[in-house]
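Shown below: upload.pdb, with PDB, C-alpha atoms, pLDDT in the B column.
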```
MODEL        1
ATOM      1  CA  MET A  27     167.410 -61.447 -20.379  1.00 59.00           C
ATOM      2  CA  LEU A  28     164.602 -62.162 -17.943  1.00 65.00           C
ATOM      3  CA  PRO A  29     163.301 -59.528 -15.560  1.00 79.00           C
ATOM      4  CA  LYS A  30     164.380 -59.939 -11.931  1.00 84.00           C
ATOM      5  CA  ASN A  31     162.479 -62.628  -9.967  1.00 85.00           C
ATOM      6  CA  VAL A  32     160.700 -63.963 -13.073  1.00 89.00           C
ATOM      7  CA  THR A  33     160.907 -67.539 -14.320  1.00 89.00           C
ATOM      8  CA  TYR A  34     159.485 -68.812 -17.600  1.00 86.00           C
ATOM      9  CA  THR A  35     158.961 -72.528 -18.009  1.00 86.00           C
ATOM     10  CA  SER A  36     157.566 -74.329 -21.033  1.00 83.00           C
ATOM     11  CA  TYR A  37     156.937 -77.954 -21.787  1.00 86.00           C
ATOM     12  CA  ALA A  38     155.422 -78.912 -25.148  1.00 84.00           C
ATOM     13  CA  ASP A  39     152.441 -76.562 -25.487  1.00 84.00           C
ATOM     14  CA  ASP A  40     152.203 -75.684 -21.776  1.00 87.00           C
ATOM     15  CA  SER A  41     153.844 -72.508 -20.591  1.00 87.00           C
ATOM     16  CA  TYR A  42     154.197 -71.038 -17.098  1.00 89.00           C
ATOM     17  CA  VAL A  43     155.398 -67.694 -15.807  1.00 90.00           C
ATOM     18  CA  VAL A  44     156.339 -67.381 -12.130  1.00 92.00           C
ATOM     19  CA  ILE A  45     156.780 -63.898 -10.697  1.00 92.00           C
ATOM     20  CA  ASP A  46     157.962 -63.094  -7.191  1.00 91.00           C
ATOM     21  CA  ASP A  47     157.107 -59.615  -5.921  1.00 91.00           C
ATOM     22  CA  PRO A  48     155.973 -58.657  -2.388  1.00 89.00           C
ATOM     23  CA  ASP A  49     154.260 -55.454  -3.626  1.00 91.00           C
ATOM     24  CA  LEU A  50     150.805 -56.301  -5.022  1.00 91.00           C
ATOM     25  CA  ASP A  51     150.541 -53.339  -7.415  1.00 92.00           C
ATOM     26  CA  SER A  52     154.018 -54.034  -8.760  1.00 93.00           C
ATOM     27  CA  LEU A  53     153.169 -57.727  -9.059  1.00 92.00           C
ATOM     28  CA  VAL A  54     150.069 -57.002 -11.176  1.00 92.00           C
ATOM     29  CA  ARG A  55     151.993 -54.599 -13.460  1.00 92.00           C
ATOM     30  CA  ARG A  56     154.864 -57.041 -13.854  1.00 92.00           C
ATOM     31  CA  ALA A  57     152.468 -59.924 -14.487  1.00 91.00           C
ATOM     32  CA  GLU A  58     150.711 -58.002 -17.251  1.00 92.00           C
ATOM     33  CA  ASP A  59     154.025 -56.934 -18.803  1.00 91.00           C
ATOM     34  CA  CYS A  60     155.637 -60.377 -18.540  1.00 90.00           C
ATOM     35  CA  LEU A  61     152.581 -62.237 -19.824  1.00 89.00           C
ATOM     36  CA  THR A  62     152.143 -59.806 -22.732  1.00 89.00           C
ATOM     37  CA  THR A  63     155.816 -60.222 -23.653  1.00 88.00           C
ATOM     38  CA  HIS A  64     155.613 -64.001 -23.258  1.00 87.00           C
ATOM     39  CA  VAL A  65     152.475 -64.271 -25.415  1.00 87.00           C
ATOM     40  CA  ALA A  66     154.137 -62.142 -28.092  1.00 89.00           C
ATOM     41  CA  SER A  67     157.307 -64.256 -28.023  1.00 88.00           C
ATOM     42  CA  LEU A  68     155.263 -67.456 -28.344  1.00 87.00           C
ATOM     43  CA  GLY A  69     153.436 -65.901 -31.290  1.00 88.00           C
ATOM     44  CA  GLY A  70     156.822 -65.084 -32.818  1.00 91.00           C
ATOM     45  CA  ILE A  71     157.660 -68.796 -32.982  1.00 90.00           C
ATOM     46  CA  GLY A  72     154.273 -69.745 -34.387  1.00 90.00           C
ATOM     47  CA  MET A  73     152.436 -70.721 -31.208  1.00 88.00           C
ATOM     48  CA  LYS A  74     148.961 -69.340 -30.579  1.00 87.00           C
ATOM     49  CA  VAL A  75     147.958 -68.667 -26.986  1.00 85.00           C
ATOM     50  CA  ASN A  76     144.378 -69.392 -25.988  1.00 84.00           C
ATOM     51  CA  GLU A  77     143.598 -66.455 -23.710  1.00 79.00           C
ATOM     52  CA  SER A  78     140.516 -68.218 -22.335  1.00 81.00           C
ATOM     53  CA  LYS A  79     142.783 -70.929 -20.880  1.00 84.00           C
ATOM     54  CA  THR A  80     145.238 -68.491 -19.326  1.00 87.00           C
ATOM     55  CA  GLU A  81     145.042 -68.568 -15.516  1.00 91.00           C
ATOM     56  CA  ILE A  82     146.883 -67.136 -12.546  1.00 92.00           C
ATOM     57  CA  VAL A  83     147.307 -68.227  -8.953  1.00 93.00           C
ATOM     58  CA  LEU A  84     148.444 -65.937  -6.173  1.00 92.00           C
ATOM     59  CA  PHE A  85     150.169 -68.079  -3.591  1.00 91.00           C
ATOM     60  CA  GLY A  86     149.560 -67.506   0.097  1.00 87.00           C
ATOM     61  CA  LYS A  87     147.049 -68.160   2.867  1.00 86.00           C
ATOM     62  CA  ASP A  88     144.465 -65.548   1.888  1.00 85.00           C
ATOM     63  CA  PRO A  89     145.744 -63.834  -1.253  1.00 83.00           C
ATOM     64  CA  PRO A  90     143.869 -60.707  -2.325  1.00 85.00           C
ATOM     65  CA  LYS A  91     141.688 -60.619  -5.431  1.00 87.00           C
ATOM     66  CA  VAL A  92     143.479 -58.998  -8.343  1.00 88.00           C
ATOM     67  CA  LEU A  93     142.623 -58.234 -11.942  1.00 90.00           C
ATOM     68  CA  VAL A  94     145.291 -58.991 -14.525  1.00 91.00           C
ATOM     69  CA  ASN A  95     144.724 -58.286 -18.219  1.00 89.00           C
ATOM     70  CA  VAL A  96     146.767 -59.615 -21.099  1.00 88.00           C
ATOM     71  CA  ARG A  97     146.197 -58.026 -24.502  1.00 84.00           C
ATOM     72  CA  GLY A  98     142.779 -56.820 -23.351  1.00 85.00           C
ATOM     73  CA  PHE A  99     141.657 -60.197 -21.959  1.00 87.00           C
ATOM     74  CA  PRO A 100     141.100 -60.621 -18.214  1.00 90.00           C
ATOM     75  CA  VAL A 101     143.082 -63.533 -16.817  1.00 91.00           C
ATOM     76  CA  LYS A 102     141.143 -65.920 -14.554  1.00 91.00           C
ATOM     77  CA  LEU A 103     142.248 -65.878 -10.922  1.00 92.00           C
ATOM     78  CA  LYS A 104     142.164 -69.440  -9.606  1.00 93.00           C
ATOM     79  CA  GLY A 105     142.682 -71.113  -6.231  1.00 93.00           C
ATOM     80  CA  SER A 106     144.744 -73.832  -7.879  1.00 93.00           C
ATOM     81  CA  ILE A 107     146.353 -74.603 -11.178  1.00 92.00           C
ATOM     82  CA  LYS A 108     147.137 -77.840 -12.969  1.00 90.00           C
ATOM     83  CA  ALA A 109     150.737 -77.915 -14.137  1.00 88.00           C
ATOM     84  CA  LEU A 110     151.745 -80.985 -16.116  1.00 87.00           C
ATOM     85  CA  GLY A 111     149.162 -83.108 -14.325  1.00 87.00           C
ATOM     86  CA  VAL A 112     149.922 -81.861 -10.816  1.00 90.00           C
ATOM     87  CA  LEU A 113     147.330 -79.725  -9.009  1.00 91.00           C
ATOM     88  CA  ILE A 114     149.086 -76.899  -7.193  1.00 91.00           C
ATOM     89  CA  ASP A 115     146.884 -75.014  -4.744  1.00 92.00           C
ATOM     90  CA  LYS A 116     147.450 -71.461  -3.553  1.00 92.00           C
ATOM     91  CA  GLU A 117     148.604 -72.605  -0.100  1.00 90.00           C
ATOM     92  CA  LEU A 118     150.817 -75.420  -1.438  1.00 88.00           C
ATOM     93  CA  THR A 119     149.049 -77.972   0.761  1.00 88.00           C
ATOM     94  CA  TRP A 120     148.620 -80.527  -2.081  1.00 90.00           C
ATOM     95  CA  ARG A 121     145.146 -81.494  -0.753  1.00 90.00           C
ATOM     96  CA  GLU A 122     143.485 -81.087  -4.157  1.00 92.00           C
ATOM     97  CA  HIS A 123     146.169 -83.130  -5.851  1.00 92.00           C
ATOM     98  CA  ILE A 124     145.932 -85.953  -3.306  1.00 92.00           C
ATOM     99  CA  THR A 125     142.117 -85.940  -3.609  1.00 93.00           C
ATOM    100  CA  SER A 126     142.427 -86.199  -7.381  1.00 93.00           C
ATOM    101  CA  LEU A 127     144.938 -89.060  -7.001  1.00 91.00           C
ATOM    102  CA  ARG A 128     142.601 -90.865  -4.623  1.00 94.00           C
ATOM    103  CA  LYS A 129     139.702 -90.683  -7.080  1.00 96.00           C
ATOM    104  CA  ARG A 130     141.749 -91.826 -10.072  1.00 94.00           C
ATOM    105  CA  ILE A 131     143.538 -94.641  -8.296  1.00 94.00           C
ATOM    106  CA  SER A 132     140.442 -95.861  -6.421  1.00 94.00           C
ATOM    107  CA  SER A 133     138.686 -96.200  -9.765  1.00 95.00           C
ATOM    108  CA  ILE A 134     141.551 -98.277 -11.174  1.00 94.00           C
ATOM    109  CA  ILE A 135     141.698-100.426  -8.022  1.00 92.00           C
ATOM    110  CA  GLY A 136     137.957-101.039  -8.296  1.00 91.00           C
ATOM    111  CA  GLY A 137     138.398-102.238 -11.878  1.00 91.00           C
ATOM    112  CA  MET A 138     141.355-104.409 -10.903  1.00 88.00           C
ATOM    113  CA  ARG A 139     139.330-106.076  -8.152  1.00 85.00           C
ATOM    114  CA  LEU A 140     136.851-107.205 -10.801  1.00 87.00           C
ATOM    115  CA  ILE A 141     139.531-109.032 -12.798  1.00 86.00           C
ATOM    116  CA  ARG A 142     142.258-109.862 -10.287  1.00 79.00           C
ATOM    117  CA  ASN A 143     141.125-113.468  -9.745  1.00 80.00           C
ATOM    118  CA  LYS A 144     141.638-114.048 -13.474  1.00 84.00           C
ATOM    119  CA  LEU A 145     145.257-112.820 -13.375  1.00 83.00           C
ATOM    120  CA  THR A 146     148.399-114.424 -12.046  1.00 81.00           C
ATOM    121  CA  GLN A 147     150.907-112.430 -10.032  1.00 81.00           C
ATOM    122  CA  GLU A 148     153.021-111.314 -13.002  1.00 87.00           C
ATOM    123  CA  PRO A 149     150.213-109.650 -15.026  1.00 87.00           C
ATOM    124  CA  SER A 150     148.759-108.224 -11.804  1.00 86.00           C
ATOM    125  CA  THR A 151     152.134-106.689 -11.011  1.00 89.00           C
ATOM    126  CA  MET A 152     152.425-105.257 -14.524  1.00 91.00           C
ATOM    127  CA  VAL A 153     148.951-103.696 -14.392  1.00 89.00           C
ATOM    128  CA  VAL A 154     149.422-102.252 -10.907  1.00 90.00           C
ATOM    129  CA  THR A 155     152.866-100.905 -11.808  1.00 91.00           C
ATOM    130  CA  SER A 156     151.809 -99.327 -15.087  1.00 92.00           C
ATOM    131  CA  GLN A 157     148.352 -98.120 -14.115  1.00 91.00           C
ATOM    132  CA  ILE A 158     148.630 -97.251 -10.429  1.00 92.00           C
ATOM    133  CA  PHE A 159     152.237 -96.778  -9.383  1.00 92.00           C
ATOM    134  CA  SER A 160     153.001 -94.637 -12.430  1.00 91.00           C
ATOM    135  CA  ILE A 161     150.255 -92.208 -11.357  1.00 91.00           C
ATOM    136  CA  LEU A 162     151.110 -92.413  -7.670  1.00 89.00           C
ATOM    137  CA  TYR A 163     154.845 -91.909  -8.121  1.00 88.00           C
ATOM    138  CA  TYR A 164     154.631 -89.215 -10.812  1.00 88.00           C
ATOM    139  CA  SER A 165     154.353 -86.430  -8.273  1.00 81.00           C
ATOM    140  CA  CYS A 166     155.880 -88.147  -5.261  1.00 82.00           C
ATOM    141  CA  PRO A 167     158.253 -85.256  -4.411  1.00 81.00           C
ATOM    142  CA  VAL A 168     155.214 -83.408  -3.005  1.00 77.00           C
ATOM    143  CA  TRP A 169     154.910 -86.092  -0.325  1.00 73.00           C
ATOM    144  CA  LEU A 170     158.158 -84.840   1.182  1.00 75.00           C
ATOM    145  CA  THR A 171     157.120 -81.209   1.563  1.00 79.00           C
ATOM    146  CA  PRO A 172     156.515 -79.888   5.070  1.00 78.00           C
ATOM    147  CA  ALA A 173     153.132 -78.492   3.958  1.00 74.00           C
ATOM    148  CA  LEU A 174     151.718 -81.979   3.340  1.00 83.00           C
ATOM    149  CA  ASN A 175     149.575 -82.727   6.351  1.00 87.00           C
ATOM    150  CA  ARG A 176     149.370 -86.113   8.014  1.00 89.00           C
ATOM    151  CA  LYS A 177     145.895 -86.855   6.624  1.00 91.00           C
ATOM    152  CA  CYS A 178     147.078 -86.382   3.029  1.00 89.00           C
ATOM    153  CA  LEU A 179     150.136 -88.527   3.662  1.00 89.00           C
ATOM    154  CA  LYS A 180     147.917 -91.244   5.158  1.00 91.00           C
ATOM    155  CA  THR A 181     145.747 -91.122   2.020  1.00 92.00           C
ATOM    156  CA  VAL A 182     148.816 -91.686  -0.161  1.00 90.00           C
ATOM    157  CA  GLU A 183     150.030 -94.515   2.091  1.00 90.00           C
ATOM    158  CA  ASN A 184     146.583 -96.119   1.960  1.00 91.00           C
ATOM    159  CA  LEU A 185     146.484 -95.947  -1.858  1.00 91.00           C
ATOM    160  CA  HIS A 186     149.916 -97.541  -2.010  1.00 90.00           C
ATOM    161  CA  PHE A 187     148.877-100.295   0.416  1.00 89.00           C
ATOM    162  CA  ARG A 188     145.658-101.015  -1.494  1.00 89.00           C
ATOM    163  CA  ALA A 189     147.589-101.271  -4.764  1.00 90.00           C
ATOM    164  CA  LEU A 190     150.144-103.618  -3.199  1.00 88.00           C
ATOM    165  CA  CYS A 191     147.323-105.794  -1.877  1.00 85.00           C
ATOM    166  CA  LEU A 192     146.138-106.348  -5.438  1.00 84.00           C
ATOM    167  CA  ILE A 193     149.428-108.140  -6.017  1.00 83.00           C
ATOM    168  CA  ILE A 194     150.581-109.494  -2.669  1.00 80.00           C
ATOM    169  CA  CYS A 195     147.318-110.563  -0.996  1.00 70.00           C
ATOM    170  CA  ASP A 196     146.209-112.720  -3.903  1.00 54.00           C
ATOM    171  CA  TYR A 197     149.732-114.064  -4.286  1.00 51.00           C
ATOM    172  CA  ARG A 198     149.887-115.027  -0.590  1.00 53.00           C
ATOM    173  CA  GLN A 199     146.511-116.731  -0.836  1.00 55.00           C
ATOM    174  CA  GLY A 200     147.809-118.678  -3.833  1.00 48.00           C
ATOM    175  CA  LEU A 201     150.908-119.724  -1.886  1.00 47.00           C
ATOM    176  CA  ALA A 202     148.741-120.905   1.009  1.00 52.00           C
ATOM    177  CA  VAL A 203     146.651-123.034  -1.369  1.00 47.00           C
ATOM    178  CA  MET A 204     149.806-124.443  -3.011  1.00 44.00           C
ATOM    179  CA  LYS A 205     151.290-125.355   0.406  1.00 53.00           C
ATOM    180  CA  SER A 206     148.095-127.050   1.510  1.00 58.00           C
ATOM    181  CA  GLN A 207     148.097-129.143  -1.678  1.00 54.00           C
ATOM    182  CA  GLN A 208     151.633-130.423  -1.039  1.00 51.00           C
TER     183      GLN A 208
ENDMDL
END
```

Could you write out this file's structure as structure tokens?
Amino acid sequence: MLPKNVTYTSYADDSYVVIDDPDLDSLVRRAEDCLTTHVASLGGIGMKVNESKTEIVLFGKDPPKVLVNVRGFPVKLKGSIKALGVLIDKELTWREHITSLRKRISSIIGGMRLIRNKLTQEPSTMVVTSQIFSILYYSCPVWLTPALNRKCLKTVENLHFRALCLIICDYRQGLAVMKSQQ
């Protein structure tokens, strides 16, 4: 049975513990206890925890600095954490995640621009769908959160538009050429 207001989540070799406690001292004690128990239970099924990769995030506008130790190792306090490819910042604004998306997708779009005139619409669509939309849509539920500011949403919309242009703009130009040849 889990302690009250504690959630454990694991996926493959990633494991997360979420603890809700308004009292900071109680939160630190519970975090140390829960993490120690969790590490021991993972060890019991043959998984080894790399303490140097263990991190915590305190969520809130200006969370206080805390020191949490697990089996004698201090746990790094971070401003954000990457969970299954999604960057979750302490204020749940998603700015870091959107910035990361912009960098990754802009790089792919740049590469696509170099080869797009050598591709027809079908392969262009396949590349954009597999390489851009899969990344863009992976974490799309965050776009619907009230904490996502207008600037971040505009960035996502712009990435989507730029990816669509790789398919549609060239296709429309091709249609215009075909019509003029008729």

(message) Please compute the atom CA of Leu53 of chain A-atom CA of Pro172 of chain A distance, one decimal, in Å.
(response)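 Here the two named atoms are 26.5 Å from each other.
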
(message) Using the chain letters and numbers from this file, what does the PyMOL selection byres ((chain A and resi 80) around 10) select? Give the answer as a list in words.
(response)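 Taken on the displayed file, the PyMOL selection byres ((chain A and resi 80) around 10) yields the residues Ser41, Tyr42, Leu61, Val75, Asn76, Glu77, Ser78, Lys79, Glu81, Ile82, Val96, Phe99, Pro100, Val101, Lys102 and Leu103 of chain A.
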
Pull C-alpha atoms from the residues just selected and write them as a PDB file, in the coordinates of the input.
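Below you can see again-v4.pdb, which holds the result:
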```pdb
ATOM      1  CA  SER A  41     153.844 -72.508 -20.591  1.00 87.00           C
ATOM      2  CA  TYR A  42     154.197 -71.038 -17.098  1.00 89.00           C
ATOM      3  CA  LEU A  61     152.581 -62.237 -19.824  1.00 89.00           C
ATOM      4  CA  VAL A  75     147.958 -68.667 -26.986  1.00 85.00           C
ATOM      5  CA  ASN A  76     144.378 -69.392 -25.988  1.00 84.00           C
ATOM      6  CA  GLU A  77     143.598 -66.455 -23.710  1.00 79.00           C
ATOM      7  CA  SER A  78     140.516 -68.218 -22.335  1.00 81.00           C
ATOM      8  CA  LYS A  79     142.783 -70.929 -20.880  1.00 84.00           C
ATOM      9  CA  GLU A  81     145.042 -68.568 -15.516  1.00 91.00           C
ATOM     10  CA  ILE A  82     146.883 -67.136 -12.546  1.00 92.00           C
ATOM     11  CA  VAL A  96     146.767 -59.615 -21.099  1.00 88.00           C
ATOM     12  CA  PHE A  99     141.657 -60.197 -21.959  1.00 87.00           C
ATOM     13  CA  PRO A 100     141.100 -60.621 -18.214  1.00 90.00           C
ATOM     14  CA  VAL A 101     143.082 -63.533 -16.817  1.00 91.00           C
ATOM     15  CA  LYS A 102     141.143 -65.920 -14.554  1.00 91.00           C
ATOM     16  CA  LEU A 103     142.248 -65.878 -10.922  1.00 92.00           C
TER      17      LEU A 103
END
```

(message) Which residues are close to Asp46 of chain A, i.e. within 9 Å by all atoms listed in the file, leaving aside same-chain residues fewer than 2 positions away? Reply as a list in words.
(response)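 So, after excluding close chain neighbours, the residues are Lys30, Asn31, Val32, Thr33, Val44, Pro48 and Leu53 of chain A.
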
(request) Name the residues that the PyMOL selection byres ((chain A and resi 165) around 10) pulls out of this structure, and write them as a list of chain:residue names. (result)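 After applying the PyMOL selection byres ((chain A and resi 165) around 10), what remains is A:Leu110, A:Gly111, A:Val112, A:Leu113, A:His123, A:Ile124, A:Leu127, A:Ser160, A:Ile161, A:Leu162, A:Tyr163, A:Tyr164, A:Cys166, A:Pro167, A:Val168, A:Trp169.
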
(message) Just the number, please: distance in Å from atom CA of Tyr34 of chain A to atom CA of Glu117 of chain A, one decimal.
(response) 21.0 Å

Within 9 Å of (148.9, -59.9, -9.2) (file coordinates; all atoms listed in the file), which protein or nucleic acid residues are there? I'd like them as an mmCIF file with C-alpha atoms, in the coordinates of the input.
```cif
data_model
loop_
_atom_site.group_PDB
_atom_site.id
_atom_site.type_symbol
_atom_site.label_atom_id
_atom_site.label_comp_id
_atom_site.auth_asym_id
_atom_site.auth_seq_id
_atom_site.Cartn_x
_atom_site.Cartn_y
_atom_site.Cartn_z
ATOM 1 C CA ILE A 45 156.780 -63.898 -10.697
ATOM 2 C CA ASP A 47 157.107 -59.615 -5.921
ATOM 3 C CA ASP A 49 154.260 -55.454 -3.626
ATOM 4 C CA LEU A 50 150.805 -56.301 -5.022
ATOM 5 C CA ASP A 51 150.541 -53.339 -7.415
ATOM 6 C CA SER A 52 154.018 -54.034 -8.760
ATOM 7 C CA LEU A 53 153.169 -57.727 -9.059
ATOM 8 C CA VAL A 54 150.069 -57.002 -11.176
ATOM 9 C CA ARG A 55 151.993 -54.599 -13.460
ATOM 10 C CA ARG A 56 154.864 -57.041 -13.854
ATOM 11 C CA ALA A 57 152.468 -59.924 -14.487
ATOM 12 C CA GLU A 58 150.711 -58.002 -17.251
ATOM 13 C CA ILE A 82 146.883 -67.136 -12.546
ATOM 14 C CA VAL A 83 147.307 -68.227 -8.953
ATOM 15 C CA LEU A 84 148.444 -65.937 -6.173
ATOM 16 C CA PRO A 90 143.869 -60.707 -2.325
ATOM 17 C CA LYS A 91 141.688 -60.619 -5.431
ATOM 18 C CA VAL A 92 143.479 -58.998 -8.343
ATOM 19 C CA LEU A 93 142.623 -58.234 -11.942
ATOM 20 C CA VAL A 94 145.291 -58.991 -14.525
#
```

(request) Quick one: pull the distance between atom CA of Leu170 of chain A and atom CA of Cys195 of chain A, Å, one decimal. (result) 28.0 Å

(message) Selection in question (the file shown): the PyMOL selection byres ((chain A and resi 128) around 12). Which residues does it include, as a list of chain:residue names?
(response)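 The output of the PyMOL selection byres ((chain A and resi 128) around 12) on this file is A:Arg121, A:Glu122, A:His123, A:Ile124, A:Thr125, A:Ser126, A:Leu127, A:Lys129, A:Arg130, A:Ile131, A:Ser132, A:Ser133, A:Ile134, A:Ile135, A:Gly136, A:Ile158, A:Ile161, A:Leu162, A:Cys178, A:Leu179, A:Lys180, A:Thr181, A:Val182, A:Glu183, A:Asn184, A:Leu185, A:His186, A:Arg188, A:Ala189.
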
Would you mind exporting C-alpha atoms of the selected residues as a compact mmCIF listing (two decimals), in the coordinates of the input?
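The resulting result.txt:
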```txt
# COMPACT_ATOMS: atom_id res chain seq x y z
CA ARG A 121 145.15 -81.49 -0.75
CA GLU A 122 143.49 -81.09 -4.16
CA HIS A 123 146.17 -83.13 -5.85
CA ILE A 124 145.93 -85.95 -3.31
CA THR A 125 142.12 -85.94 -3.61
CA SER A 126 142.43 -86.20 -7.38
CA LEU A 127 144.94 -89.06 -7.00
CA LYS A 129 139.70 -90.68 -7.08
CA ARG A 130 141.75 -91.83 -10.07
CA ILE A 131 143.54 -94.64 -8.30
CA SER A 132 140.44 -95.86 -6.42
CA SER A 133 138.69 -96.20 -9.76
CA ILE A 134 141.55 -98.28 -11.17
CA ILE A 135 141.70 -100.43 -8.02
CA GLY A 136 137.96 -101.04 -8.30
CA ILE A 158 148.63 -97.25 -10.43
CA ILE A 161 150.26 -92.21 -11.36
CA LEU A 162 151.11 -92.41 -7.67
CA CYS A 178 147.08 -86.38 3.03
CA LEU A 179 150.14 -88.53 3.66
CA LYS A 180 147.92 -91.24 5.16
CA THR A 181 145.75 -91.12 2.02
CA VAL A 182 148.82 -91.69 -0.16
CA GLU A 183 150.03 -94.52 2.09
CA ASN A 184 146.58 -96.12 1.96
CA LEU A 185 146.48 -95.95 -1.86
CA HIS A 186 149.92 -97.54 -2.01
CA ARG A 188 145.66 -101.02 -1.49
CA ALA A 189 147.59 -101.27 -4.76
```

Axis-aligned box for segment 138-142 of chain A, 6 Å per side, centre and edges in Å as lines of an AutoDock Vina configuration file:
```
center_x = 139.6
center_y = -107.1
center_z = -10.5
size_x = 17.4
size_y = 17.5
size_z = 16.6
```

(request) Rank nothing, just name the residue among A:Met73, A:Val153, A:Cys60, A:Lys177 nearest to Asn95 of chain A, using all atoms listed in the file. (result)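 Of all the options, A:Cys60 lies closest to Asn95 of chain A.
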
(message) Using all atoms listed in the file, can you tell me which of A:Cys191, A:Ala66, A:Thr119, A:Lys74 comes closest to Arg142 of chain A?
(response)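 When distances to Arg142 of chain A are compared using all atoms listed in the file, the smallest one comes from A:Cys191.
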
(request) May I ask which of the residues A:Val43, A:Val65, A:Leu192, A:Arg176 is the closest one to Ile141 of chain A, counting only C-alpha atoms? (result)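 Using only C-alpha atoms, Ile141 of chain A sits closest to A:Leu192.
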
(request) Just the residues within 6 Å of Asp115 of chain A, please, counting only C-alpha atoms, with nothing from its chain fewer than 2 positions along; format it as a PyMOL selection string. (result) chain A and resi 105-106+117-118

(message) Between A:Leu140, A:Ile71, A:Ala109, A:Trp120, which residue has the minimum interatomic distance to Leu174 of chain A, considering only C-alpha atoms?
(response)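 So, comparing all the options, the nearest one is A:Trp120.
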